[in-house]
Amino acid sequence: MSLLVRPDGRWRGLTALGIIAFVVAGVSLIGSSLGGAPPFRPANAGLSGVAADVVLRPSAPVRVAIGRIGVDAPVERVDVDGGGTLQPPSLNDPKNIGWYRRGPTPGERGNSVLVGHVDSAASGPAVFYELGALRPGDRVSVAREDGSVAAFRVDAVRLFPKSSFPAGLVYGPAGSAQLQLVTCGGEFDRRRGSYQGNTVVTASLVSATGT
């Protein structure tokens with residue numbers, strides 16, 4: 001994956017933010033159409049008993065579970081290299097999820113970014129192989145270092161061309177606690193050895209236990 005950021009963790013502007021490419025090989029079954037970006041309402045808007053501004057204290061994620069697609073995976077911290085490129089989880093561990101450690105932790109106010117491979121040439125389907133199969137209303141649970149579990153509800157599942165990656169949506173500010181889950185999507189370009197798009201799942205915090 002190639003995402004340019006400043007040494008202090010701030011993103012370098014919309015041009016640099018639009019560059020994203022996971023270094024994976026194989027065939028994606030997420031989908032072949034490159035759709036637009038329909039508007040959505042945060043999942044906690046209008047839910048009985050859930051405050052739209054609920055947030056948690058900072059605590060790093062350790063595990064992510066997504067029941068619909070059978071994900072129960074450990075989380076590793078990912079960061080930028082010396083050139084300012086965000087590094088995804090190693091292809092030696094394609095079942096791991098990466099959390100961008102300079103951004104908000106899951107449950108804090110803002111966009112907490114989780115990234116993962118869709119597949120690899122060596123081992124086939126990876127942790128986010130079926131990310132595009134999620135639907136609004138599905139649940140994503142994040143276990144955190146402090147022993148709490150933050151529950152998120154999916155707001156939107158969208159596929160973007162790499163040339164139109166929604167940097168502001170994924171990495172920009174947010175008034176509530178949100179997750180942005182990102183992987184490769186769309187058709188695989190065998191000539192270039194990369195996917196043509198990115199699947200982006202947006203989810204909002206709805207509850208937490210153990211806090």
# chains A, B, ... in the order shown; residues from 1 in each chain; ligands from 1
call {"tool": "residues_around", "arguments": {"residues": "Arg144 (chain A)", "least_positions_apart": "5", "cutoff": "10 Å", "atoms": "only C-alpha atoms", "output": "compact mmCIF listing (two decimals) with C-alpha atoms, in the first residue's frame"}}
result
# COMPACT_ATOMS: atom_id res chain seq x y z
CA PRO A 58 -7.73 5.91 23.71
CA SER A 59 -6.78 2.24 23.66
CA ALA A 60 -5.09 0.37 20.83
CA PRO A 61 -6.97 -2.45 19.05
CA VAL A 62 -5.78 -6.03 19.51
CA ARG A 63 -8.37 -8.10 17.63
CA VAL A 64 -11.20 -7.59 15.14
CA VAL A 75 -4.31 -6.51 14.82
CA THR A 105 -7.84 4.25 18.20
CA PRO A 106 -11.15 2.47 17.52
CA GLY A 107 -13.81 4.17 19.62
CA VAL A 149 -14.80 -4.26 23.24
CA ALA A 150 -16.08 -1.55 20.92
CA GLY A 210 -15.78 -3.42 29.68
call {"tool": "select_by_dssp", "arguments": {"residues": "region 91-186 of chain A", "states": "strand (DSSP E or B)", "output": "mmCIF file with all heavy atoms, in the first residue's frame"}}
result
data_model
loop_
_atom_site.group_PDB
_atom_site.id
_atom_site.type_symbol
_atom_site.label_atom_id
_atom_site.label_comp_id
_atom_site.auth_asym_id
_atom_site.auth_seq_id
_atom_site.Cartn_x
_atom_site.Cartn_y
_atom_site.Cartn_z
ATOM 1 N N ILE A 97 -4.658 -7.873 10.455
ATOM 2 C CA ILE A 97 -5.198 -6.562 10.128
ATOM 3 C C ILE A 97 -4.228 -5.513 10.646
ATOM 4 O O ILE A 97 -3.629 -5.670 11.721
ATOM 5 C CB ILE A 97 -6.589 -6.376 10.762
ATOM 6 C CG1 ILE A 97 -7.596 -7.333 10.117
ATOM 7 C CG2 ILE A 97 -7.076 -4.934 10.638
ATOM 8 C CD1 ILE A 97 -8.933 -7.402 10.825
ATOM 9 N N GLY A 98 -4.046 -4.435 9.893
ATOM 10 C CA GLY A 98 -3.175 -3.358 10.322
ATOM 11 C C GLY A 98 -3.975 -2.154 10.776
ATOM 12 O O GLY A 98 -4.956 -1.765 10.132
ATOM 13 N N TRP A 99 -3.563 -1.572 11.887
ATOM 14 C CA TRP A 99 -4.164 -0.336 12.382
ATOM 15 C C TRP A 99 -3.142 0.784 12.259
ATOM 16 O O TRP A 99 -2.012 0.650 12.741
ATOM 17 C CB TRP A 99 -4.601 -0.476 13.836
ATOM 18 C CG TRP A 99 -4.860 0.843 14.529
ATOM 19 C CD1 TRP A 99 -5.801 1.761 14.204
ATOM 20 C CD2 TRP A 99 -4.118 1.386 15.631
ATOM 21 N NE1 TRP A 99 -5.718 2.853 15.044
ATOM 22 C CE2 TRP A 99 -4.690 2.646 15.924
ATOM 23 C CE3 TRP A 99 -3.050 0.923 16.393
ATOM 24 C CZ2 TRP A 99 -4.206 3.452 16.956
ATOM 25 C CZ3 TRP A 99 -2.566 1.722 17.415
ATOM 26 C CH2 TRP A 99 -3.144 2.970 17.688
ATOM 27 N N TYR A 100 -3.505 1.889 11.599
ATOM 28 C CA TYR A 100 -2.606 3.022 11.460
ATOM 29 C C TYR A 100 -2.444 3.687 12.820
ATOM 30 O O TYR A 100 -3.336 4.369 13.310
ATOM 31 C CB TYR A 100 -3.139 4.012 10.425
ATOM 32 C CG TYR A 100 -2.282 5.245 10.319
ATOM 33 C CD1 TYR A 100 -0.916 5.153 10.057
ATOM 34 C CD2 TYR A 100 -2.834 6.508 10.495
ATOM 35 C CE1 TYR A 100 -0.125 6.284 9.984
ATOM 36 C CE2 TYR A 100 -2.047 7.649 10.407
ATOM 37 C CZ TYR A 100 -0.691 7.522 10.160
ATOM 38 O OH TYR A 100 0.098 8.645 10.087
ATOM 39 N N PRO A 106 -9.724 2.762 17.717
ATOM 40 C CA PRO A 106 -11.150 2.475 17.519
ATOM 41 C C PRO A 106 -11.987 2.853 18.744
ATOM 42 O O PRO A 106 -11.706 2.410 19.856
ATOM 43 C CB PRO A 106 -11.170 0.966 17.278
ATOM 44 C CG PRO A 106 -9.825 0.676 16.682
ATOM 45 C CD PRO A 106 -8.885 1.585 17.427
ATOM 46 N N GLU A 108 -12.342 6.121 19.655
ATOM 47 C CA GLU A 108 -12.073 7.550 19.833
ATOM 48 C C GLU A 108 -12.819 8.343 18.766
ATOM 49 O O GLU A 108 -13.165 7.815 17.708
ATOM 50 C CB GLU A 108 -10.584 7.843 19.681
ATOM 51 C CG GLU A 108 -9.720 7.557 20.867
ATOM 52 C CD GLU A 108 -8.321 8.130 20.651
ATOM 53 O OE1 GLU A 108 -8.113 9.306 21.014
ATOM 54 O OE2 GLU A 108 -7.456 7.411 20.113
ATOM 55 N N GLY A 110 -13.218 10.453 15.624
ATOM 56 C CA GLY A 110 -12.434 10.514 14.402
ATOM 57 C C GLY A 110 -12.462 9.205 13.646
ATOM 58 O O GLY A 110 -13.174 8.253 14.020
ATOM 59 N N ASN A 111 -11.689 9.145 12.570
ATOM 60 C CA ASN A 111 -11.615 7.950 11.733
ATOM 61 C C ASN A 111 -10.440 7.074 12.154
ATOM 62 O O ASN A 111 -9.285 7.480 12.040
ATOM 63 C CB ASN A 111 -11.441 8.345 10.262
ATOM 64 C CG ASN A 111 -12.728 8.836 9.643
ATOM 65 O OD1 ASN A 111 -13.779 8.211 9.794
ATOM 66 N ND2 ASN A 111 -12.665 9.958 8.941
ATOM 67 N N SER A 112 -10.746 5.894 12.634
ATOM 68 C CA SER A 112 -9.724 4.901 12.937
ATOM 69 C C SER A 112 -9.597 3.990 11.719
ATOM 70 O O SER A 112 -10.587 3.394 11.279
ATOM 71 C CB SER A 112 -10.111 4.086 14.173
ATOM 72 O OG SER A 112 -9.087 3.167 14.519
ATOM 73 N N VAL A 113 -8.399 3.891 11.168
ATOM 74 C CA VAL A 113 -8.204 3.205 9.888
ATOM 75 C C VAL A 113 -7.632 1.808 10.098
ATOM 76 O O VAL A 113 -6.583 1.632 10.725
ATOM 77 C CB VAL A 113 -7.275 4.022 8.973
ATOM 78 C CG1 VAL A 113 -7.092 3.317 7.632
ATOM 79 C CG2 VAL A 113 -7.842 5.421 8.764
ATOM 80 N N LEU A 114 -8.333 0.816 9.564
ATOM 81 C CA LEU A 114 -7.889 -0.579 9.582
ATOM 82 C C LEU A 114 -7.702 -1.046 8.150
ATOM 83 O O LEU A 114 -8.589 -0.864 7.314
ATOM 84 C CB LEU A 114 -8.923 -1.467 10.287
ATOM 85 C CG LEU A 114 -9.236 -1.131 11.747
ATOM 86 C CD1 LEU A 114 -10.335 -2.059 12.274
ATOM 87 C CD2 LEU A 114 -7.994 -1.249 12.622
ATOM 88 N N VAL A 115 -6.545 -1.638 7.856
ATOM 89 C CA VAL A 115 -6.245 -2.077 6.502
ATOM 90 C C VAL A 115 -5.893 -3.554 6.512
ATOM 91 O O VAL A 115 -5.412 -4.095 7.509
ATOM 92 C CB VAL A 115 -5.079 -1.262 5.896
ATOM 93 C CG1 VAL A 115 -5.450 0.198 5.780
ATOM 94 C CG2 VAL A 115 -3.802 -1.416 6.731
ATOM 95 N N ASP A 119 -5.943 -10.775 -0.815
ATOM 96 C CA ASP A 119 -5.400 -12.108 -1.074
ATOM 97 C C ASP A 119 -3.900 -11.985 -1.298
ATOM 98 O O ASP A 119 -3.337 -10.893 -1.266
ATOM 99 C CB ASP A 119 -6.093 -12.793 -2.266
ATOM 100 C CG ASP A 119 -6.024 -11.986 -3.552
ATOM 101 O OD1 ASP A 119 -5.140 -11.112 -3.679
ATOM 102 O OD2 ASP A 119 -6.856 -12.226 -4.450
ATOM 103 N N SER A 120 -3.256 -13.120 -1.485
ATOM 104 C CA SER A 120 -1.830 -13.135 -1.800
ATOM 105 C C SER A 120 -1.554 -14.295 -2.738
ATOM 106 O O SER A 120 -2.283 -15.296 -2.748
ATOM 107 C CB SER A 120 -0.978 -13.266 -0.530
ATOM 108 O OG SER A 120 -0.999 -14.588 -0.034
ATOM 109 N N GLY A 124 -3.420 -17.371 -1.152
ATOM 110 C CA GLY A 124 -4.800 -17.203 -1.605
ATOM 111 C C GLY A 124 -5.549 -16.166 -0.788
ATOM 112 O O GLY A 124 -4.988 -15.131 -0.423
ATOM 113 N N PRO A 125 -6.841 -16.409 -0.475
ATOM 114 C CA PRO A 125 -7.657 -15.410 0.224
ATOM 115 C C PRO A 125 -7.018 -14.947 1.525
ATOM 116 O O PRO A 125 -6.511 -15.748 2.312
ATOM 117 C CB PRO A 125 -8.966 -16.159 0.487
ATOM 118 C CG PRO A 125 -9.042 -17.168 -0.611
ATOM 119 C CD PRO A 125 -7.619 -17.611 -0.821
ATOM 120 N N ARG A 139 -22.252 -5.932 11.980
ATOM 121 C CA ARG A 139 -21.481 -5.525 13.140
ATOM 122 C C ARG A 139 -19.998 -5.854 12.978
ATOM 123 O O ARG A 139 -19.627 -6.896 12.431
ATOM 124 C CB ARG A 139 -22.012 -6.204 14.399
ATOM 125 C CG ARG A 139 -23.421 -5.752 14.801
ATOM 126 C CD ARG A 139 -23.475 -4.244 15.037
ATOM 127 N NE ARG A 139 -24.817 -3.763 15.323
ATOM 128 C CZ ARG A 139 -25.238 -3.434 16.533
ATOM 129 N NH1 ARG A 139 -24.432 -3.538 17.575
ATOM 130 N NH2 ARG A 139 -26.464 -2.985 16.709
ATOM 131 N N VAL A 140 -19.192 -4.957 13.507
ATOM 132 C CA VAL A 140 -17.744 -5.136 13.583
ATOM 133 C C VAL A 140 -17.350 -4.917 15.037
ATOM 134 O O VAL A 140 -17.639 -3.861 15.612
ATOM 135 C CB VAL A 140 -16.996 -4.132 12.685
ATOM 136 C CG1 VAL A 140 -15.487 -4.332 12.805
ATOM 137 C CG2 VAL A 140 -17.438 -4.263 11.232
ATOM 138 N N SER A 141 -16.715 -5.910 15.660
ATOM 139 C CA SER A 141 -16.306 -5.795 17.055
ATOM 140 C C SER A 141 -14.796 -5.662 17.138
ATOM 141 O O SER A 141 -14.060 -6.409 16.485
ATOM 142 C CB SER A 141 -16.757 -7.030 17.853
ATOM 143 O OG SER A 141 -18.168 -7.118 17.884
ATOM 144 N N VAL A 142 -14.348 -4.722 17.950
ATOM 145 C CA VAL A 142 -12.914 -4.481 18.106
ATOM 146 C C VAL A 142 -12.548 -4.625 19.579
ATOM 147 O O VAL A 142 -13.009 -3.852 20.431
ATOM 148 C CB VAL A 142 -12.517 -3.080 17.609
ATOM 149 C CG1 VAL A 142 -11.005 -2.885 17.755
ATOM 150 C CG2 VAL A 142 -12.942 -2.884 16.162
ATOM 151 N N ALA A 143 -11.722 -5.642 19.891
ATOM 152 C CA ALA A 143 -11.196 -5.806 21.245
ATOM 153 C C ALA A 143 -9.994 -4.877 21.399
ATOM 154 O O ALA A 143 -9.139 -4.799 20.519
ATOM 155 C CB ALA A 143 -10.785 -7.256 21.481
ATOM 156 N N ARG A 144 -9.940 -4.178 22.546
ATOM 157 C CA ARG A 144 -8.913 -3.169 22.759
ATOM 158 C C ARG A 144 -7.995 -3.564 23.919
ATOM 159 O O ARG A 144 -8.338 -4.412 24.747
ATOM 160 C CB ARG A 144 -9.568 -1.812 23.004
ATOM 161 C CG ARG A 144 -10.622 -1.453 21.958
ATOM 162 C CD ARG A 144 -11.107 -0.023 22.018
ATOM 163 N NE ARG A 144 -11.225 0.521 23.360
ATOM 164 C CZ ARG A 144 -11.111 1.825 23.643
ATOM 165 N NH1 ARG A 144 -10.882 2.691 22.674
ATOM 166 N NH2 ARG A 144 -11.243 2.261 24.880
ATOM 167 N N VAL A 149 -14.436 -3.846 24.602
ATOM 168 C CA VAL A 149 -14.796 -4.258 23.243
ATOM 169 C C VAL A 149 -15.719 -3.195 22.668
ATOM 170 O O VAL A 149 -16.794 -2.930 23.213
ATOM 171 C CB VAL A 149 -15.489 -5.625 23.219
ATOM 172 C CG1 VAL A 149 -15.907 -5.983 21.797
ATOM 173 C CG2 VAL A 149 -14.583 -6.705 23.795
ATOM 174 N N ALA A 150 -15.290 -2.587 21.585
ATOM 175 C CA ALA A 150 -16.080 -1.552 20.920
ATOM 176 C C ALA A 150 -16.854 -2.179 19.775
ATOM 177 O O ALA A 150 -16.281 -2.879 18.935
ATOM 178 C CB ALA A 150 -15.170 -0.442 20.397
ATOM 179 N N ALA A 151 -18.163 -1.948 19.754
ATOM 180 C CA ALA A 151 -19.029 -2.500 18.709
ATOM 181 C C ALA A 151 -19.404 -1.402 17.730
ATOM 182 O O ALA A 151 -19.878 -0.331 18.122
ATOM 183 C CB ALA A 151 -20.280 -3.104 19.325
ATOM 184 N N PHE A 152 -19.198 -1.678 16.455
ATOM 185 C CA PHE A 152 -19.510 -0.737 15.390
ATOM 186 C C PHE A 152 -20.566 -1.339 14.472
ATOM 187 O O PHE A 152 -20.639 -2.561 14.307
ATOM 188 C CB PHE A 152 -18.264 -0.422 14.560
ATOM 189 C CG PHE A 152 -17.184 0.294 15.316
ATOM 190 C CD1 PHE A 152 -16.322 -0.401 16.155
ATOM 191 C CD2 PHE A 152 -17.032 1.671 15.202
ATOM 192 C CE1 PHE A 152 -15.324 0.256 16.855
ATOM 193 C CE2 PHE A 152 -16.039 2.338 15.897
ATOM 194 C CZ PHE A 152 -15.179 1.633 16.725
ATOM 195 N N ARG A 153 -21.381 -0.477 13.880
ATOM 196 C CA ARG A 153 -22.356 -0.915 12.894
ATOM 197 C C ARG A 153 -21.987 -0.321 11.541
ATOM 198 O O ARG A 153 -21.675 0.865 11.423
ATOM 199 C CB ARG A 153 -23.777 -0.494 13.272
ATOM 200 C CG ARG A 153 -24.844 -1.239 12.453
ATOM 201 C CD ARG A 153 -26.239 -0.957 12.919
ATOM 202 N NE ARG A 153 -26.700 0.350 12.471
ATOM 203 C CZ ARG A 153 -27.954 0.776 12.635
ATOM 204 N NH1 ARG A 153 -28.839 0.000 13.258
ATOM 205 N NH2 ARG A 153 -28.324 1.958 12.205
ATOM 206 N N VAL A 154 -22.008 -1.158 10.504
ATOM 207 C CA VAL A 154 -21.618 -0.726 9.168
ATOM 208 C C VAL A 154 -22.621 0.278 8.623
ATOM 209 O O VAL A 154 -23.828 0.051 8.642
ATOM 210 C CB VAL A 154 -21.497 -1.942 8.218
ATOM 211 C CG1 VAL A 154 -21.314 -1.490 6.767
ATOM 212 C CG2 VAL A 154 -20.346 -2.844 8.650
ATOM 213 N N ASP A 155 -22.083 1.402 8.137
ATOM 214 C CA ASP A 155 -22.901 2.433 7.511
ATOM 215 C C ASP A 155 -22.956 2.256 6.000
ATOM 216 O O ASP A 155 -23.997 2.415 5.381
ATOM 217 C CB ASP A 155 -22.318 3.821 7.782
ATOM 218 C CG ASP A 155 -22.300 4.189 9.246
ATOM 219 O OD1 ASP A 155 -23.240 3.804 9.956
ATOM 220 O OD2 ASP A 155 -21.349 4.858 9.681
ATOM 221 N N ALA A 156 -21.808 1.996 5.396
ATOM 222 C CA ALA A 156 -21.724 1.954 3.936
ATOM 223 C C ALA A 156 -20.575 1.058 3.498
ATOM 224 O O ALA A 156 -19.552 0.962 4.181
ATOM 225 C CB ALA A 156 -21.536 3.357 3.367
ATOM 226 N N VAL A 157 -20.781 0.402 2.350
ATOM 227 C CA VAL A 157 -19.749 -0.434 1.710
ATOM 228 C C VAL A 157 -19.633 0.063 0.280
ATOM 229 O O VAL A 157 -20.586 -0.024 -0.495
ATOM 230 C CB VAL A 157 -20.140 -1.926 1.726
ATOM 231 C CG1 VAL A 157 -19.035 -2.781 1.097
ATOM 232 C CG2 VAL A 157 -20.448 -2.392 3.145
ATOM 233 N N ARG A 158 -18.465 0.586 -0.076
ATOM 234 C CA ARG A 158 -18.325 1.224 -1.381
ATOM 235 C C ARG A 158 -17.024 0.817 -2.054
ATOM 236 O O ARG A 158 -16.046 0.477 -1.377
ATOM 237 C CB ARG A 158 -18.397 2.749 -1.220
ATOM 238 C CG ARG A 158 -19.801 3.221 -0.875
ATOM 239 C CD ARG A 158 -19.832 4.679 -0.491
ATOM 240 N NE ARG A 158 -19.283 4.861 0.841
ATOM 241 C CZ ARG A 158 -19.350 6.021 1.500
ATOM 242 N NH1 ARG A 158 -19.902 7.074 0.918
ATOM 243 N NH2 ARG A 158 -18.852 6.127 2.705
ATOM 244 N N LEU A 159 -17.062 0.847 -3.379
ATOM 245 C CA LEU A 159 -15.903 0.500 -4.190
ATOM 246 C C LEU A 159 -15.513 1.721 -5.012
ATOM 247 O O LEU A 159 -16.333 2.286 -5.727
ATOM 248 C CB LEU A 159 -16.253 -0.678 -5.112
ATOM 249 C CG LEU A 159 -15.139 -1.259 -5.975
ATOM 250 C CD1 LEU A 159 -14.016 -1.814 -5.117
ATOM 251 C CD2 LEU A 159 -15.707 -2.359 -6.864
ATOM 252 N N PHE A 160 -14.255 2.134 -4.878
ATOM 253 C CA PHE A 160 -13.763 3.331 -5.555
ATOM 254 C C PHE A 160 -12.621 2.975 -6.499
ATOM 255 O O PHE A 160 -11.766 2.160 -6.155
ATOM 256 C CB PHE A 160 -13.224 4.341 -4.541
ATOM 257 C CG PHE A 160 -14.243 4.868 -3.576
ATOM 258 C CD1 PHE A 160 -14.446 4.227 -2.361
ATOM 259 C CD2 PHE A 160 -14.982 6.005 -3.870
ATOM 260 C CE1 PHE A 160 -15.378 4.713 -1.452
ATOM 261 C CE2 PHE A 160 -15.909 6.496 -2.966
ATOM 262 C CZ PHE A 160 -16.119 5.853 -1.758
ATOM 263 N N PRO A 161 -12.553 3.626 -7.670
ATOM 264 C CA PRO A 161 -11.343 3.499 -8.480
ATOM 265 C C PRO A 161 -10.163 4.077 -7.705
ATOM 266 O O PRO A 161 -10.318 5.026 -6.929
ATOM 267 C CB PRO A 161 -11.649 4.358 -9.711
ATOM 268 C CG PRO A 161 -13.120 4.607 -9.683
ATOM 269 C CD PRO A 161 -13.542 4.550 -8.244
ATOM 270 N N ALA A 177 -17.110 8.690 16.491
ATOM 271 C CA ALA A 177 -16.151 7.589 16.457
ATOM 272 C C ALA A 177 -16.495 6.666 15.300
ATOM 273 O O ALA A 177 -17.553 6.033 15.285
ATOM 274 C CB ALA A 177 -16.182 6.823 17.765
ATOM 275 N N GLN A 178 -15.601 6.582 14.326
ATOM 276 C CA GLN A 178 -15.849 5.770 13.146
ATOM 277 C C GLN A 178 -14.669 4.864 12.841
ATOM 278 O O GLN A 178 -13.527 5.145 13.193
ATOM 279 C CB GLN A 178 -16.123 6.658 11.926
ATOM 280 C CG GLN A 178 -17.393 7.468 12.021
ATOM 281 C CD GLN A 178 -17.723 8.165 10.715
ATOM 282 O OE1 GLN A 178 -16.847 8.462 9.913
ATOM 283 N NE2 GLN A 178 -18.992 8.422 10.492
ATOM 284 N N LEU A 179 -14.978 3.761 12.156
ATOM 285 C CA LEU A 179 -13.967 2.885 11.568
ATOM 286 C C LEU A 179 -13.989 3.070 10.062
ATOM 287 O O LEU A 179 -15.054 3.231 9.463
ATOM 288 C CB LEU A 179 -14.270 1.407 11.849
ATOM 289 C CG LEU A 179 -13.970 0.790 13.198
ATOM 290 C CD1 LEU A 179 -14.298 -0.700 13.148
ATOM 291 C CD2 LEU A 179 -12.534 1.013 13.623
ATOM 292 N N GLN A 180 -12.807 3.011 9.464
ATOM 293 C CA GLN A 180 -12.680 2.922 8.014
ATOM 294 C C GLN A 180 -11.851 1.674 7.725
ATOM 295 O O GLN A 180 -10.683 1.606 8.109
ATOM 296 C CB GLN A 180 -12.001 4.161 7.438
ATOM 297 C CG GLN A 180 -12.705 5.473 7.747
ATOM 298 C CD GLN A 180 -14.017 5.624 7.004
ATOM 299 O OE1 GLN A 180 -14.321 4.900 6.057
ATOM 300 N NE2 GLN A 180 -14.829 6.602 7.423
ATOM 301 N N LEU A 181 -12.471 0.673 7.111
ATOM 302 C CA LEU A 181 -11.786 -0.570 6.765
ATOM 303 C C LEU A 181 -11.506 -0.556 5.268
ATOM 304 O O LEU A 181 -12.426 -0.337 4.467
ATOM 305 C CB LEU A 181 -12.633 -1.791 7.137
ATOM 306 C CG LEU A 181 -13.000 -1.929 8.624
ATOM 307 C CD1 LEU A 181 -14.354 -1.295 8.905
ATOM 308 C CD2 LEU A 181 -13.012 -3.379 9.057
ATOM 309 N N VAL A 182 -10.256 -0.803 4.896
ATOM 310 C CA VAL A 182 -9.847 -0.623 3.504
ATOM 311 C C VAL A 182 -9.080 -1.841 3.008
ATOM 312 O O VAL A 182 -8.222 -2.390 3.701
ATOM 313 C CB VAL A 182 -8.951 0.629 3.352
ATOM 314 C CG1 VAL A 182 -8.592 0.861 1.889
ATOM 315 C CG2 VAL A 182 -9.617 1.864 3.933
ATOM 316 N N THR A 183 -9.404 -2.258 1.794
ATOM 317 C CA THR A 183 -8.641 -3.299 1.112
ATOM 318 C C THR A 183 -8.726 -3.046 -0.392
ATOM 319 O O THR A 183 -9.368 -2.102 -0.849
ATOM 320 C CB THR A 183 -9.171 -4.702 1.457
ATOM 321 O OG1 THR A 183 -8.221 -5.684 1.017
ATOM 322 C CG2 THR A 183 -10.522 -4.985 0.814
ATOM 323 N N CYS A 184 -8.067 -3.897 -1.169
ATOM 324 C CA CYS A 184 -8.154 -3.789 -2.621
ATOM 325 C C CYS A 184 -9.506 -4.312 -3.110
ATOM 326 O O CYS A 184 -10.152 -5.132 -2.455
ATOM 327 C CB CYS A 184 -7.042 -4.584 -3.289
ATOM 328 S SG CYS A 184 -5.443 -3.766 -3.193
ATOM 329 N N GLY A 185 -9.925 -3.855 -4.268
ATOM 330 C CA GLY A 185 -11.185 -4.307 -4.834
ATOM 331 C C GLY A 185 -11.211 -4.070 -6.324
ATOM 332 O O GLY A 185 -10.275 -3.526 -6.908
ATOM 333 N N GLY A 186 -12.309 -4.487 -6.933
ATOM 334 C CA GLY A 186 -12.434 -4.327 -8.375
ATOM 335 C C GLY A 186 -11.683 -5.397 -9.134
ATOM 336 O O GLY A 186 -11.269 -6.414 -8.580
#
call {"tool": "atom_distance", "arguments": {"atom1": "CA of Gly137 (chain A)", "atom2": "CA of Val118 (chain A)"}}
result
21.9 Å
call {"tool": "closest_residue", "arguments": {"among": "A:Thr211, A:Gln196, A:Asn96, A:Ser204", "to": "Phe128 (chain A)", "atoms": "only C-alpha atoms"}}
result
A:Asn96
call {"tool": "residues_around", "arguments": {"residues": "Ser90 (chain A)", "least_positions_apart": "4", "cutoff": "10 Å", "atoms": "only C-alpha atoms", "output": "number ranges by chain"}}
result
A: 23, 76, 78, 94-98, 116-117
call {"tool": "write_last_selection", "arguments": {"atoms": "N, CA, C and O atoms", "output": "compact mmCIF listing (two decimals), in the first residue's frame"}}
result
# COMPACT_ATOMS: atom_id res chain seq x y z
N VAL A 23 -0.08 -4.11 -2.29
CA VAL A 23 0.81 -4.94 -3.08
C VAL A 23 0.42 -6.40 -2.84
O VAL A 23 0.91 -7.05 -1.94
N GLU A 76 -2.14 -5.70 14.12
CA GLU A 76 -0.80 -5.19 14.32
C GLU A 76 -0.77 -3.71 13.99
O GLU A 76 -1.57 -3.22 13.21
N VAL A 78 0.59 -0.49 12.23
CA VAL A 78 1.33 -0.17 11.00
C VAL A 78 1.64 1.32 11.01
O VAL A 78 0.94 2.13 11.62
N PRO A 94 -0.82 -12.66 6.00
CA PRO A 94 -1.93 -12.04 5.28
C PRO A 94 -3.26 -12.10 6.01
O PRO A 94 -4.23 -11.47 5.57
N LYS A 95 -3.32 -12.83 7.11
CA LYS A 95 -4.56 -12.89 7.89
C LYS A 95 -4.60 -11.81 8.97
O LYS A 95 -5.58 -11.70 9.70
N ASN A 96 -3.54 -11.03 9.10
CA ASN A 96 -3.52 -9.95 10.09
C ASN A 96 -4.14 -8.68 9.54
O ASN A 96 -4.13 -8.43 8.34
N ILE A 97 -4.66 -7.87 10.46
CA ILE A 97 -5.20 -6.56 10.13
C ILE A 97 -4.23 -5.51 10.65
O ILE A 97 -3.63 -5.67 11.72
N GLY A 98 -4.05 -4.44 9.89
CA GLY A 98 -3.18 -3.36 10.32
C GLY A 98 -3.98 -2.15 10.78
O GLY A 98 -4.96 -1.77 10.13
N GLY A 116 -6.14 -4.21 5.39
CA GLY A 116 -5.80 -5.63 5.28
C GLY A 116 -5.74 -6.05 3.83
O GLY A 116 -6.32 -5.40 2.95
N HIS A 117 -5.03 -7.11 3.57
CA HIS A 117 -4.92 -7.65 2.22
C HIS A 117 -6.19 -8.39 1.82
O HIS A 117 -6.90 -8.94 2.67
call {"tool": "closest_residue", "arguments": {"among": "A:Ala203, A:Ser123, A:Ile66, A:Gly172", "to": "Asn92 (chain A)", "atoms": "only C-alpha atoms"}}
result
A:Ser123
call {"tool": "atom_distance", "arguments": {"atom1": "CA of Gly83 (chain A)", "atom2": "CA of Arg101 (chain A)"}}
result
16.8 Å
call {"tool": "closest_residue", "arguments": {"among": "A:Leu91, A:Val71, A:Ala174, A:Val206", "to": "Leu131 (chain A)", "atoms": "only C-alpha atoms"}}
result
A:Val71
call {"tool": "atom_distance", "arguments": {"atom1": "CA of Val201 (chain A)", "atom2": "CA of Gly132 (chain A)"}}
result
7.8 Å
